[in-house]
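Accompanying notes for the structure given below.
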Amino acid sequence: MDRAVTISQVAALAGVSTGTASKALNGRGALRPETRLRVQQAAERLGFVANAAARSLQTGRTYTVGMITTDSIGRFSIPVLLGAEDALGAGQMSIFLCDARDDPIREQYYLRKLLSRKVDGIIVTGRRTRARAPIGVGLPVPVVYAFISSSDPGDSSVVPDEADGSRRAVAHLLAIGRRRIAHVTGPEHHHSATIRAQGAVDALAAEGLRLAVPTLYGEWSEAWGRQAAGILLSTGADVDAVFCGSDQIARGLTEALTKAGKAIPRDVALVGFDNWDVMVDGCQPALTSVDMDLEGIGRTAAEQLLAAIDGSPAQGRHARPCRLVPRASTAV
């Protein structure tokens with residue numbers, strides 16, 4: 001039987017010390033990219049497989065991370081998970097994904113299970129950006145909140161800067177010559193709806209402008225978008241652009257305005273929010289939208305968790321900028 005390849009053999013082939021080889025394969029240490037690549041190529045050539053048990057004994061870590069989500073649909077948590085995996089994969093760490101389904105009892109059950117498995121840290125995510133109570137107090141492992149945030153300023157939270165997204169949407173509409181802008185969004189009590197609406201108002205005020213009509217609050221749905229289009233048309237307001245608080249609203253609005261004889265974007269330019277591929281591609285024409293970079297949020301959260309595991313937590317709320325993705329609904 002062939003003997004397993006050792007890390008010493010990998011180090012010898014790569015021309016580095018055993019310690020450097022270990023750091024390169026574990027995604028740790030301040031190594032030069034070419035050194036890390038040389039070690040990885042040597043490991044692949046020799047067929048080296050890291051011994052997880054040996055790593056755990058040596059470092060006192062399990063090289064596992066838990067992720068608890070309240071987003072059972074996965075609309076927001078799956079991109080965050082993919083981004084986290086990108087960052088954690090370099091350190092050959094595994095993720096246990098637990099769906100709490102917005103149930104506090106189920107959430108605490110999964111928390112206990114993850115702690116019993118001796119995970120090195122936990123990422124908490126969900127489908128709302130509003131701050132939530134900490135998942136636990138005095139936990140034995142670091143916790144980072146991704147997309148959602150913790151109400152405890154001592155915790156580490158990575159969130160999208162939704163107001164920044166609104167500013168980018170309004171700036172884009174102004175840049176293509178639109179001045180009579182309306183805003184249609186979700187429920188008035190919803191954190192994201194109010195933040196995005198205020199961001200739009202502030203962006204217009206900075207240019208000496210205001211909304212063509214007061215913000216229309218409703219639901220996060222295509223049906224509300226169609227209804228809102230009827231409301232806008234009935235007011236007789238000379239609206240030349242609409243910034244929508246979600247892509248679903250924008251798609252419904254597009255459909256209703258088109259049926260009413262409005263050409264998009266000639267008569268009314270449209271911008272959505274979320275950059276949800278199912279919606280933006282399903283719009284006719286394709287929808288310009290604000291992207292919150294959910295995968296980037298996941299990567300940043302994972303990087304902060306790794307730093308916290310190494311003893312360098314990044315406390316507080318860390319807002320990441322959004323980006324605008326232009327498409328035909330605002331084409332000049």
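Letters A, B, ... mark the chains of the structure tokens in the order given; residue numbers begin at 1 per chain; ligand numbers begin at 1, in order shown.
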
Long-range neighbours of Glu222 (chain A) as number ranges by chain, 8 Å cut-off, only C-alpha atoms, 4 positions minimum in chain:
A: 226, 248-253

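Every protein, DNA or RNA residue with an atom at most 12 Å from Asp267 (chain A), where only C-alpha atoms count and chain neighbours fewer than 3 positions away do not, is listed here: Gly177, Arg178, Arg180, Ile181, Asp238, Val239, Asp240, Ala241, Val242, Thr254, Leu257, Thr258, Ala260, Gly261, Lys262, Ala263, Ile264, Leu270, Ser329, Thr330, Ala331 and Val332 of chain A.
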
As a check of understanding: the span from CA of Ala314 (chain A) to CA of Ala133 (chain A) is 18.3 Å

Find the residues near His172 (chain A): any atom within 10 Å, counting only C-alpha atoms, skip ones fewer than 3 places away on the same chain, and give them as a ChimeraX atom specification.
/A:166-169,175-178,271,288,324,326,330

Spatial neighbours of Ala328 (chain A), max dist 12 Å, only C-alpha atoms, sep filter under 5 positions, as a VMD selection string:
chain A and resid 263 to 266 268 to 271 280 to 281 283 to 289

Show me, as a PDB file with all heavy atoms, in the first residue's frame, the residues that have an atom within 12 Å of Arg112 (chain A) when counting only C-alpha atoms, minus same-chain residues fewer than 5 positions from it.
ATOM      1  N   GLY A  66     -19.941  27.552  11.598  1.00  0.00           N
ATOM      2  CA  GLY A  66     -21.383  27.404  11.468  1.00  0.00           C
ATOM      3  C   GLY A  66     -21.991  28.637  10.832  1.00  0.00           C
ATOM      4  O   GLY A  66     -21.506  29.749  11.027  1.00  0.00           O
ATOM      5  N   ILE A  68     -25.867  30.244  10.588  1.00  0.00           N
ATOM      6  CA  ILE A  68     -27.280  30.152  10.943  1.00  0.00           C
ATOM      7  C   ILE A  68     -28.036  31.227  10.176  1.00  0.00           C
ATOM      8  O   ILE A  68     -27.676  32.407  10.218  1.00  0.00           O
ATOM      9  CB  ILE A  68     -27.483  30.354  12.462  1.00  0.00           C
ATOM     10  CG1 ILE A  68     -26.752  29.264  13.241  1.00  0.00           C
ATOM     11  CG2 ILE A  68     -28.974  30.344  12.806  1.00  0.00           C
ATOM     12  CD1 ILE A  68     -26.853  29.409  14.753  1.00  0.00           C
ATOM     13  N   CYS A  98     -27.261  26.036   8.801  1.00  0.00           N
ATOM     14  CA  CYS A  98     -28.439  25.700   9.601  1.00  0.00           C
ATOM     15  C   CYS A  98     -29.561  26.694   9.304  1.00  0.00           C
ATOM     16  O   CYS A  98     -29.369  27.906   9.433  1.00  0.00           O
ATOM     17  CB  CYS A  98     -28.109  25.749  11.091  1.00  0.00           C
ATOM     18  SG  CYS A  98     -26.726  24.698  11.585  1.00  0.00           S
ATOM     19  N   ILE A 105     -36.657  29.311  18.764  1.00  0.00           N
ATOM     20  CA  ILE A 105     -36.361  28.041  19.444  1.00  0.00           C
ATOM     21  C   ILE A 105     -35.447  27.187  18.569  1.00  0.00           C
ATOM     22  O   ILE A 105     -34.462  26.613  19.035  1.00  0.00           O
ATOM     23  CB  ILE A 105     -37.665  27.282  19.770  1.00  0.00           C
ATOM     24  CG1 ILE A 105     -38.493  28.078  20.773  1.00  0.00           C
ATOM     25  CG2 ILE A 105     -37.351  25.879  20.317  1.00  0.00           C
ATOM     26  CD1 ILE A 105     -39.840  27.471  21.086  1.00  0.00           C
ATOM     27  N   ARG A 106     -35.786  27.122  17.271  1.00  0.00           N
ATOM     28  CA  ARG A 106     -34.956  26.358  16.337  1.00  0.00           C
ATOM     29  C   ARG A 106     -33.556  26.979  16.243  1.00  0.00           C
ATOM     30  O   ARG A 106     -32.558  26.270  16.165  1.00  0.00           O
ATOM     31  CB  ARG A 106     -35.616  26.333  14.958  1.00  0.00           C
ATOM     32  CG  ARG A 106     -34.898  25.472  13.919  1.00  0.00           C
ATOM     33  CD  ARG A 106     -35.602  25.603  12.582  1.00  0.00           C
ATOM     34  NE  ARG A 106     -36.917  24.989  12.631  1.00  0.00           N
ATOM     35  CZ  ARG A 106     -37.169  23.738  12.286  1.00  0.00           C
ATOM     36  NH1 ARG A 106     -36.178  22.964  11.848  1.00  0.00           N
ATOM     37  NH2 ARG A 106     -38.385  23.255  12.344  1.00  0.00           N
ATOM     38  N   GLU A 107     -33.498  28.308  16.287  1.00  0.00           N
ATOM     39  CA  GLU A 107     -32.215  29.001  16.207  1.00  0.00           C
ATOM     40  C   GLU A 107     -31.319  28.637  17.389  1.00  0.00           C
ATOM     41  O   GLU A 107     -30.126  28.354  17.216  1.00  0.00           O
ATOM     42  CB  GLU A 107     -32.453  30.513  16.173  1.00  0.00           C
ATOM     43  CG  GLU A 107     -31.194  31.340  16.026  1.00  0.00           C
ATOM     44  CD  GLU A 107     -31.505  32.818  15.911  1.00  0.00           C
ATOM     45  OE1 GLU A 107     -31.706  33.463  16.960  1.00  0.00           O
ATOM     46  OE2 GLU A 107     -31.565  33.322  14.776  1.00  0.00           O
ATOM     47  N   ARG A 117     -20.325  20.865  18.448  1.00  0.00           N
ATOM     48  CA  ARG A 117     -19.407  20.367  17.422  1.00  0.00           C
ATOM     49  C   ARG A 117     -18.071  21.108  17.444  1.00  0.00           C
ATOM     50  O   ARG A 117     -17.208  20.873  16.601  1.00  0.00           O
ATOM     51  CB  ARG A 117     -20.033  20.509  16.027  1.00  0.00           C
ATOM     52  CG  ARG A 117     -21.128  19.492  15.737  1.00  0.00           C
ATOM     53  CD  ARG A 117     -21.700  19.718  14.346  1.00  0.00           C
ATOM     54  NE  ARG A 117     -22.614  18.654  13.960  1.00  0.00           N
ATOM     55  CZ  ARG A 117     -22.263  17.567  13.279  1.00  0.00           C
ATOM     56  NH1 ARG A 117     -20.990  17.419  12.907  1.00  0.00           N
ATOM     57  NH2 ARG A 117     -23.152  16.654  12.962  1.00  0.00           N
ATOM     58  N   LYS A 118     -17.934  22.033  18.386  1.00  0.00           N
ATOM     59  CA  LYS A 118     -16.674  22.774  18.571  1.00  0.00           C
ATOM     60  C   LYS A 118     -16.302  23.588  17.328  1.00  0.00           C
ATOM     61  O   LYS A 118     -15.122  23.650  16.946  1.00  0.00           O
ATOM     62  CB  LYS A 118     -15.526  21.823  18.912  1.00  0.00           C
ATOM     63  CG  LYS A 118     -15.787  20.929  20.114  1.00  0.00           C
ATOM     64  CD  LYS A 118     -15.887  21.724  21.394  1.00  0.00           C
ATOM     65  CE  LYS A 118     -16.051  20.810  22.602  1.00  0.00           C
ATOM     66  NZ  LYS A 118     -16.251  21.565  23.866  1.00  0.00           N
ATOM     67  N   VAL A 119     -17.296  24.219  16.688  1.00  0.00           N
ATOM     68  CA  VAL A 119     -16.974  25.062  15.537  1.00  0.00           C
ATOM     69  C   VAL A 119     -16.062  26.195  15.994  1.00  0.00           C
ATOM     70  O   VAL A 119     -16.076  26.610  17.158  1.00  0.00           O
ATOM     71  CB  VAL A 119     -18.248  25.634  14.879  1.00  0.00           C
ATOM     72  CG1 VAL A 119     -19.081  24.533  14.261  1.00  0.00           C
ATOM     73  CG2 VAL A 119     -19.053  26.458  15.868  1.00  0.00           C
ATOM     74  N   ILE A 122     -19.035  31.415  14.159  1.00  0.00           N
ATOM     75  CA  ILE A 122     -20.389  31.345  13.607  1.00  0.00           C
ATOM     76  C   ILE A 122     -20.700  32.621  12.825  1.00  0.00           C
ATOM     77  O   ILE A 122     -20.365  33.728  13.255  1.00  0.00           O
ATOM     78  CB  ILE A 122     -21.438  31.170  14.723  1.00  0.00           C
ATOM     79  CG1 ILE A 122     -21.234  29.822  15.433  1.00  0.00           C
ATOM     80  CG2 ILE A 122     -22.859  31.254  14.167  1.00  0.00           C
ATOM     81  CD1 ILE A 122     -22.110  29.641  16.674  1.00  0.00           C
ATOM     82  N   ILE A 135     -27.406  36.672  18.951  1.00  0.00           N
ATOM     83  CA  ILE A 135     -27.830  35.281  19.001  1.00  0.00           C
ATOM     84  C   ILE A 135     -27.498  34.648  20.348  1.00  0.00           C
ATOM     85  O   ILE A 135     -28.098  33.649  20.757  1.00  0.00           O
ATOM     86  CB  ILE A 135     -27.190  34.474  17.845  1.00  0.00           C
ATOM     87  CG1 ILE A 135     -27.911  33.130  17.667  1.00  0.00           C
ATOM     88  CG2 ILE A 135     -25.690  34.296  18.051  1.00  0.00           C
ATOM     89  CD1 ILE A 135     -27.526  32.400  16.407  1.00  0.00           C
ATOM     90  N   GLY A 136     -26.526  35.230  21.043  1.00  0.00           N
ATOM     91  CA  GLY A 136     -26.153  34.724  22.360  1.00  0.00           C
ATOM     92  C   GLY A 136     -25.209  35.699  23.046  1.00  0.00           C
ATOM     93  O   GLY A 136     -24.648  36.589  22.401  1.00  0.00           O
ATOM     94  N   LEU A 139     -20.617  33.909  24.347  1.00  0.00           N
ATOM     95  CA  LEU A 139     -20.382  32.644  23.636  1.00  0.00           C
ATOM     96  C   LEU A 139     -18.883  32.331  23.588  1.00  0.00           C
ATOM     97  O   LEU A 139     -18.052  33.246  23.540  1.00  0.00           O
ATOM     98  CB  LEU A 139     -20.954  32.723  22.216  1.00  0.00           C
ATOM     99  CG  LEU A 139     -22.469  32.931  22.125  1.00  0.00           C
ATOM    100  CD1 LEU A 139     -22.898  33.061  20.665  1.00  0.00           C
ATOM    101  CD2 LEU A 139     -23.209  31.785  22.797  1.00  0.00           C
ATOM    102  N   PRO A 140     -18.527  31.046  23.544  1.00  0.00           N
ATOM    103  CA  PRO A 140     -17.108  30.662  23.552  1.00  0.00           C
ATOM    104  C   PRO A 140     -16.401  30.836  22.216  1.00  0.00           C
ATOM    105  O   PRO A 140     -15.197  30.614  22.118  1.00  0.00           O
ATOM    106  CB  PRO A 140     -17.159  29.184  23.960  1.00  0.00           C
ATOM    107  CG  PRO A 140     -18.485  28.704  23.460  1.00  0.00           C
ATOM    108  CD  PRO A 140     -19.419  29.871  23.631  1.00  0.00           C
ATOM    109  N   VAL A 141     -17.139  31.196  21.170  1.00  0.00           N
ATOM    110  CA  VAL A 141     -16.538  31.390  19.843  1.00  0.00           C
ATOM    111  C   VAL A 141     -16.993  32.728  19.282  1.00  0.00           C
ATOM    112  O   VAL A 141     -18.052  33.246  19.660  1.00  0.00           O
ATOM    113  CB  VAL A 141     -16.933  30.259  18.865  1.00  0.00           C
ATOM    114  CG1 VAL A 141     -16.417  28.912  19.355  1.00  0.00           C
ATOM    115  CG2 VAL A 141     -18.446  30.221  18.655  1.00  0.00           C
TER     116      VAL A 141
END

Once DSSP has gone over the backbone, tell me which residues of region 49-238 of chain A are in alpha helix (DSSP H), as a short mmCIF file (atom, residue, chain, number, x, y, z; two decimals) with N, CA and C atoms, in the first residue's frame.
data_model
loop_
_atom_site.label_atom_id
_atom_site.label_comp_id
_atom_site.auth_asym_id
_atom_site.auth_seq_id
_atom_site.Cartn_x
_atom_site.Cartn_y
_atom_site.Cartn_z
N ALA A 52 -7.17 16.40 8.49
CA ALA A 52 -7.94 17.32 9.33
C ALA A 52 -7.72 17.03 10.81
N ALA A 53 -7.63 15.75 11.15
CA ALA A 53 -7.44 15.39 12.56
C ALA A 53 -6.09 15.91 13.07
N ALA A 54 -5.06 15.79 12.23
CA ALA A 54 -3.74 16.24 12.64
C ALA A 54 -3.72 17.76 12.79
N ARG A 55 -4.39 18.45 11.89
CA ARG A 55 -4.45 19.91 11.98
C ARG A 55 -5.16 20.33 13.27
N SER A 56 -6.24 19.63 13.63
CA SER A 56 -6.99 19.98 14.82
C SER A 56 -6.16 19.77 16.08
N LEU A 57 -5.42 18.64 16.11
CA LEU A 57 -4.57 18.37 17.27
C LEU A 57 -3.48 19.42 17.41
N GLN A 58 -2.95 19.86 16.28
CA GLN A 58 -1.84 20.81 16.29
C GLN A 58 -2.29 22.21 16.68
N THR A 59 -3.46 22.62 16.23
CA THR A 59 -3.90 24.00 16.43
C THR A 59 -5.00 24.17 17.48
N SER A 77 -29.47 34.55 1.67
CA SER A 77 -28.45 33.78 2.39
C SER A 77 -27.57 32.94 1.48
N ILE A 78 -28.10 32.46 0.36
CA ILE A 78 -27.27 31.63 -0.53
C ILE A 78 -26.11 32.42 -1.13
N PRO A 79 -26.34 33.64 -1.68
CA PRO A 79 -25.19 34.42 -2.16
C PRO A 79 -24.20 34.74 -1.04
N VAL A 80 -24.71 35.04 0.17
CA VAL A 80 -23.82 35.31 1.30
C VAL A 80 -22.99 34.06 1.61
N LEU A 81 -23.63 32.89 1.57
CA LEU A 81 -22.93 31.63 1.82
C LEU A 81 -21.83 31.39 0.79
N LEU A 82 -22.14 31.66 -0.48
CA LEU A 82 -21.15 31.44 -1.54
C LEU A 82 -19.94 32.35 -1.33
N GLY A 83 -20.20 33.59 -0.95
CA GLY A 83 -19.09 34.50 -0.70
C GLY A 83 -18.26 34.05 0.49
N ALA A 84 -18.93 33.58 1.55
CA ALA A 84 -18.22 33.10 2.73
C ALA A 84 -17.36 31.89 2.38
N GLU A 85 -17.90 31.00 1.56
CA GLU A 85 -17.14 29.80 1.17
C GLU A 85 -15.89 30.18 0.39
N ASP A 86 -15.98 31.23 -0.44
CA ASP A 86 -14.80 31.68 -1.18
C ASP A 86 -13.67 32.04 -0.23
N ALA A 87 -14.02 32.78 0.83
CA ALA A 87 -13.00 33.23 1.78
C ALA A 87 -12.50 32.10 2.67
N LEU A 88 -13.41 31.25 3.11
CA LEU A 88 -13.03 30.18 4.04
C LEU A 88 -12.35 29.02 3.33
N GLY A 89 -12.64 28.86 2.04
CA GLY A 89 -12.06 27.74 1.30
C GLY A 89 -10.55 27.80 1.22
N PRO A 104 -37.11 31.30 16.83
CA PRO A 104 -36.10 31.49 17.88
C PRO A 104 -35.71 30.20 18.59
N ILE A 105 -36.66 29.31 18.76
CA ILE A 105 -36.36 28.04 19.44
C ILE A 105 -35.45 27.19 18.57
N ARG A 106 -35.79 27.12 17.27
CA ARG A 106 -34.96 26.36 16.34
C ARG A 106 -33.56 26.98 16.24
N GLU A 107 -33.50 28.31 16.29
CA GLU A 107 -32.22 29.00 16.21
C GLU A 107 -31.32 28.64 17.39
N GLN A 108 -31.88 28.64 18.59
CA GLN A 108 -31.09 28.29 19.77
C GLN A 108 -30.68 26.83 19.76
N TYR A 109 -31.53 25.98 19.20
CA TYR A 109 -31.19 24.56 19.07
C TYR A 109 -29.95 24.39 18.19
N TYR A 110 -29.96 25.08 17.04
CA TYR A 110 -28.81 24.98 16.13
C TYR A 110 -27.57 25.61 16.75
N LEU A 111 -27.74 26.68 17.51
CA LEU A 111 -26.60 27.28 18.18
C LEU A 111 -25.93 26.28 19.12
N ARG A 112 -26.74 25.59 19.92
CA ARG A 112 -26.19 24.58 20.84
C ARG A 112 -25.51 23.45 20.07
N LYS A 113 -26.12 23.03 18.97
CA LYS A 113 -25.54 21.94 18.17
C LYS A 113 -24.19 22.34 17.60
N LEU A 114 -24.10 23.56 17.08
CA LEU A 114 -22.84 24.02 16.50
C LEU A 114 -21.76 24.12 17.57
N LEU A 115 -22.12 24.63 18.74
CA LEU A 115 -21.15 24.74 19.82
C LEU A 115 -20.69 23.36 20.29
N SER A 116 -21.61 22.38 20.28
CA SER A 116 -21.24 21.03 20.69
C SER A 116 -20.29 20.38 19.69
N GLU A 162 -27.49 50.61 2.14
CA GLU A 162 -28.67 50.78 1.29
C GLU A 162 -28.90 52.24 0.90
N ALA A 163 -28.57 53.15 1.80
CA ALA A 163 -28.70 54.57 1.46
C ALA A 163 -27.76 54.92 0.31
N ASP A 164 -26.57 54.33 0.33
CA ASP A 164 -25.61 54.51 -0.76
C ASP A 164 -26.20 53.99 -2.08
N GLY A 165 -26.90 52.86 -2.02
CA GLY A 165 -27.54 52.33 -3.21
C GLY A 165 -28.57 53.29 -3.78
N SER A 166 -29.35 53.90 -2.90
CA SER A 166 -30.34 54.88 -3.35
C SER A 166 -29.69 56.09 -3.99
N ARG A 167 -28.60 56.55 -3.38
CA ARG A 167 -27.89 57.70 -3.95
C ARG A 167 -27.39 57.38 -5.35
N ARG A 168 -26.89 56.18 -5.53
CA ARG A 168 -26.39 55.78 -6.85
C ARG A 168 -27.53 55.71 -7.88
N ALA A 169 -28.68 55.21 -7.45
CA ALA A 169 -29.83 55.13 -8.37
C ALA A 169 -30.28 56.52 -8.81
N VAL A 170 -30.41 57.43 -7.84
CA VAL A 170 -30.85 58.79 -8.16
C VAL A 170 -29.80 59.51 -9.01
N ALA A 171 -28.53 59.35 -8.66
CA ALA A 171 -27.46 60.00 -9.43
C ALA A 171 -27.48 59.54 -10.88
N HIS A 172 -27.77 58.26 -11.10
CA HIS A 172 -27.83 57.72 -12.45
C HIS A 172 -28.99 58.34 -13.23
N LEU A 173 -30.14 58.44 -12.58
CA LEU A 173 -31.31 59.03 -13.26
C LEU A 173 -31.07 60.50 -13.58
N LEU A 174 -30.43 61.21 -12.68
CA LEU A 174 -30.11 62.61 -12.94
C LEU A 174 -29.09 62.73 -14.08
N ALA A 175 -28.16 61.79 -14.13
CA ALA A 175 -27.11 61.83 -15.15
C ALA A 175 -27.68 61.63 -16.55
N HIS A 191 -37.60 48.29 7.55
CA HIS A 191 -36.33 49.01 7.67
C HIS A 191 -35.74 49.37 6.31
N SER A 192 -35.65 48.40 5.41
CA SER A 192 -35.04 48.66 4.11
C SER A 192 -35.84 49.68 3.31
N ALA A 193 -37.16 49.62 3.39
CA ALA A 193 -38.00 50.57 2.65
C ALA A 193 -37.74 52.00 3.11
N THR A 194 -37.68 52.21 4.42
CA THR A 194 -37.48 53.57 4.93
C THR A 194 -36.06 54.08 4.65
N ILE A 195 -35.08 53.21 4.78
CA ILE A 195 -33.69 53.61 4.52
C ILE A 195 -33.51 53.99 3.05
N ARG A 196 -34.05 53.16 2.15
CA ARG A 196 -33.91 53.43 0.72
C ARG A 196 -34.67 54.68 0.31
N ALA A 197 -35.85 54.88 0.90
CA ALA A 197 -36.65 56.07 0.58
C ALA A 197 -35.94 57.34 1.05
N GLN A 198 -35.41 57.32 2.27
CA GLN A 198 -34.72 58.50 2.78
C GLN A 198 -33.47 58.79 1.98
N GLY A 199 -32.79 57.72 1.53
CA GLY A 199 -31.61 57.91 0.70
C GLY A 199 -31.94 58.62 -0.60
N ALA A 200 -33.09 58.27 -1.19
CA ALA A 200 -33.52 58.92 -2.43
C ALA A 200 -33.85 60.39 -2.20
N VAL A 201 -34.58 60.66 -1.12
CA VAL A 201 -34.94 62.04 -0.79
C VAL A 201 -33.69 62.89 -0.55
N ASP A 202 -32.75 62.34 0.20
CA ASP A 202 -31.51 63.09 0.51
C ASP A 202 -30.69 63.35 -0.76
N ALA A 203 -30.63 62.35 -1.66
CA ALA A 203 -29.86 62.51 -2.89
C ALA A 203 -30.45 63.60 -3.77
N LEU A 204 -31.76 63.67 -3.84
CA LEU A 204 -32.41 64.72 -4.63
C LEU A 204 -32.22 66.09 -3.97
N ALA A 205 -32.34 66.12 -2.63
CA ALA A 205 -32.19 67.39 -1.91
C ALA A 205 -30.80 67.98 -2.11
N GLU A 222 -44.86 42.41 -7.33
CA GLU A 222 -45.19 42.92 -8.66
C GLU A 222 -46.59 43.51 -8.68
N ALA A 223 -47.50 42.88 -7.91
CA ALA A 223 -48.88 43.38 -7.86
C ALA A 223 -48.91 44.82 -7.37
N TRP A 224 -48.11 45.13 -6.34
CA TRP A 224 -48.06 46.51 -5.85
C TRP A 224 -47.44 47.43 -6.90
N GLY A 225 -46.48 46.95 -7.65
CA GLY A 225 -45.89 47.75 -8.71
C GLY A 225 -46.92 48.15 -9.75
N ARG A 226 -47.79 47.19 -10.13
CA ARG A 226 -48.84 47.49 -11.10
C ARG A 226 -49.84 48.50 -10.52
N GLN A 227 -50.18 48.29 -9.24
CA GLN A 227 -51.12 49.21 -8.59
C GLN A 227 -50.51 50.61 -8.48
N ALA A 228 -49.24 50.67 -8.13
CA ALA A 228 -48.57 51.96 -7.99
C ALA A 228 -48.51 52.71 -9.31
N ALA A 229 -48.34 51.98 -10.40
CA ALA A 229 -48.33 52.62 -11.72
C ALA A 229 -49.66 53.32 -11.97
N GLY A 230 -50.75 52.66 -11.60
CA GLY A 230 -52.07 53.26 -11.75
C GLY A 230 -52.22 54.52 -10.91
N ILE A 231 -51.67 54.48 -9.69
CA ILE A 231 -51.74 55.65 -8.82
C ILE A 231 -50.95 56.82 -9.43
N LEU A 232 -49.75 56.53 -9.92
CA LEU A 232 -48.93 57.58 -10.53
C LEU A 232 -49.63 58.21 -11.73
N LEU A 233 -50.22 57.36 -12.57
CA LEU A 233 -50.91 57.87 -13.75
C LEU A 233 -52.13 58.69 -13.38
N SER A 234 -52.82 58.29 -12.33
CA SER A 234 -54.05 58.98 -11.93
C SER A 234 -53.77 60.36 -11.34
N THR A 235 -52.57 60.57 -10.80
CA THR A 235 -52.23 61.88 -10.22
C THR A 235 -52.00 62.93 -11.29
#

8 Å contact set for Ile7 (chain A), only C-alpha atoms, chain neighbours under 2 positions out, as a short mmCIF file (atom, residue, chain, number, x, y, z; two decimals) with N, CA and C atoms, in the first residue's frame:
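Output file out_28.cif is given in full below:
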data_model
loop_
_atom_site.label_atom_id
_atom_site.label_comp_id
_atom_site.auth_asym_id
_atom_site.auth_seq_id
_atom_site.Cartn_x
_atom_site.Cartn_y
_atom_site.Cartn_z
N VAL A 5 1.21 10.99 1.26
CA VAL A 5 2.18 12.06 1.06
C VAL A 5 2.18 12.97 2.29
N GLN A 9 7.19 16.43 2.35
CA GLN A 9 7.48 16.15 0.96
C GLN A 9 7.00 17.30 0.06
N VAL A 10 5.84 17.86 0.40
CA VAL A 10 5.32 19.01 -0.35
C VAL A 10 6.28 20.18 -0.22
N ALA A 11 6.75 20.41 1.02
CA ALA A 11 7.66 21.53 1.28
C ALA A 11 8.96 21.35 0.50
N THR A 18 8.78 23.47 6.08
CA THR A 18 7.51 22.80 6.39
C THR A 18 6.50 23.79 6.94
N ALA A 21 5.02 25.78 4.12
CA ALA A 21 4.09 24.94 3.36
C ALA A 21 2.76 24.83 4.09
N SER A 22 2.83 24.67 5.41
CA SER A 22 1.60 24.55 6.20
C SER A 22 0.78 25.83 6.12
N PHE A 48 -1.23 15.50 -2.35
CA PHE A 48 -1.27 15.67 -0.90
C PHE A 48 -2.69 15.99 -0.44
#

For CA of Ile123 (chain A) and CA of Thr69 (chain A), determine how far apart the two atoms are, in Å to one decimal place.
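Answer for the CA of Ile123 (chain A) to CA of Thr69 (chain A) separation: 8.5 Å.
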
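The spacing separating CA of Ser151 (chain A) from CA of Trp276 (chain A) amounts to 27.6 Å.
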
So that I can check the surroundings of Arg36 (chain A), please list as a PyMOL selection string every protein, DNA and RNA residue that reaches within 8 Å of it, counting only C-alpha atoms and ignoring chain neighbours fewer than 4 positions away.
chain A and resi 21+24-25+31-32+40

Selection to disk with N, CA and C atoms, as a PDB file, in the first residue's frame:
ATOM      1  N   ALA A  21       5.023  25.783   4.121  1.00  0.00           N
ATOM      2  CA  ALA A  21       4.090  24.943   3.359  1.00  0.00           C
ATOM      3  C   ALA A  21       2.762  24.830   4.093  1.00  0.00           C
ATOM      4  N   ALA A  24       0.830  28.062   3.748  1.00  0.00           N
ATOM      5  CA  ALA A  24       0.313  28.229   2.393  1.00  0.00           C
ATOM      6  C   ALA A  24      -0.934  27.390   2.153  1.00  0.00           C
ATOM      7  N   LEU A  25      -0.922  26.165   2.672  1.00  0.00           N
ATOM      8  CA  LEU A  25      -2.050  25.263   2.448  1.00  0.00           C
ATOM      9  C   LEU A  25      -3.230  25.571   3.353  1.00  0.00           C
ATOM     10  N   LEU A  31       2.267  35.420   3.244  1.00  0.00           N
ATOM     11  CA  LEU A  31       3.159  34.839   2.236  1.00  0.00           C
ATOM     12  C   LEU A  31       2.985  35.541   0.902  1.00  0.00           C
ATOM     13  N   ARG A  32       4.044  35.499   0.109  1.00  0.00           N
ATOM     14  CA  ARG A  32       3.938  36.046  -1.234  1.00  0.00           C
ATOM     15  C   ARG A  32       3.031  35.153  -2.075  1.00  0.00           C
ATOM     16  N   GLN A  40       0.938  25.179  -3.401  1.00  0.00           N
ATOM     17  CA  GLN A  40      -0.317  24.542  -3.814  1.00  0.00           C
ATOM     18  C   GLN A  40      -0.107  23.646  -5.025  1.00  0.00           C
TER      19      GLN A  40
END

Taking only C-alpha atoms into account, which of A:Asp152, A:Asp161, A:Asp103, A:Asp310 comes nearest Met292 (chain A)?
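Among the listed residues, the smallest separation from Met292 (chain A) belongs to A:Asp161.
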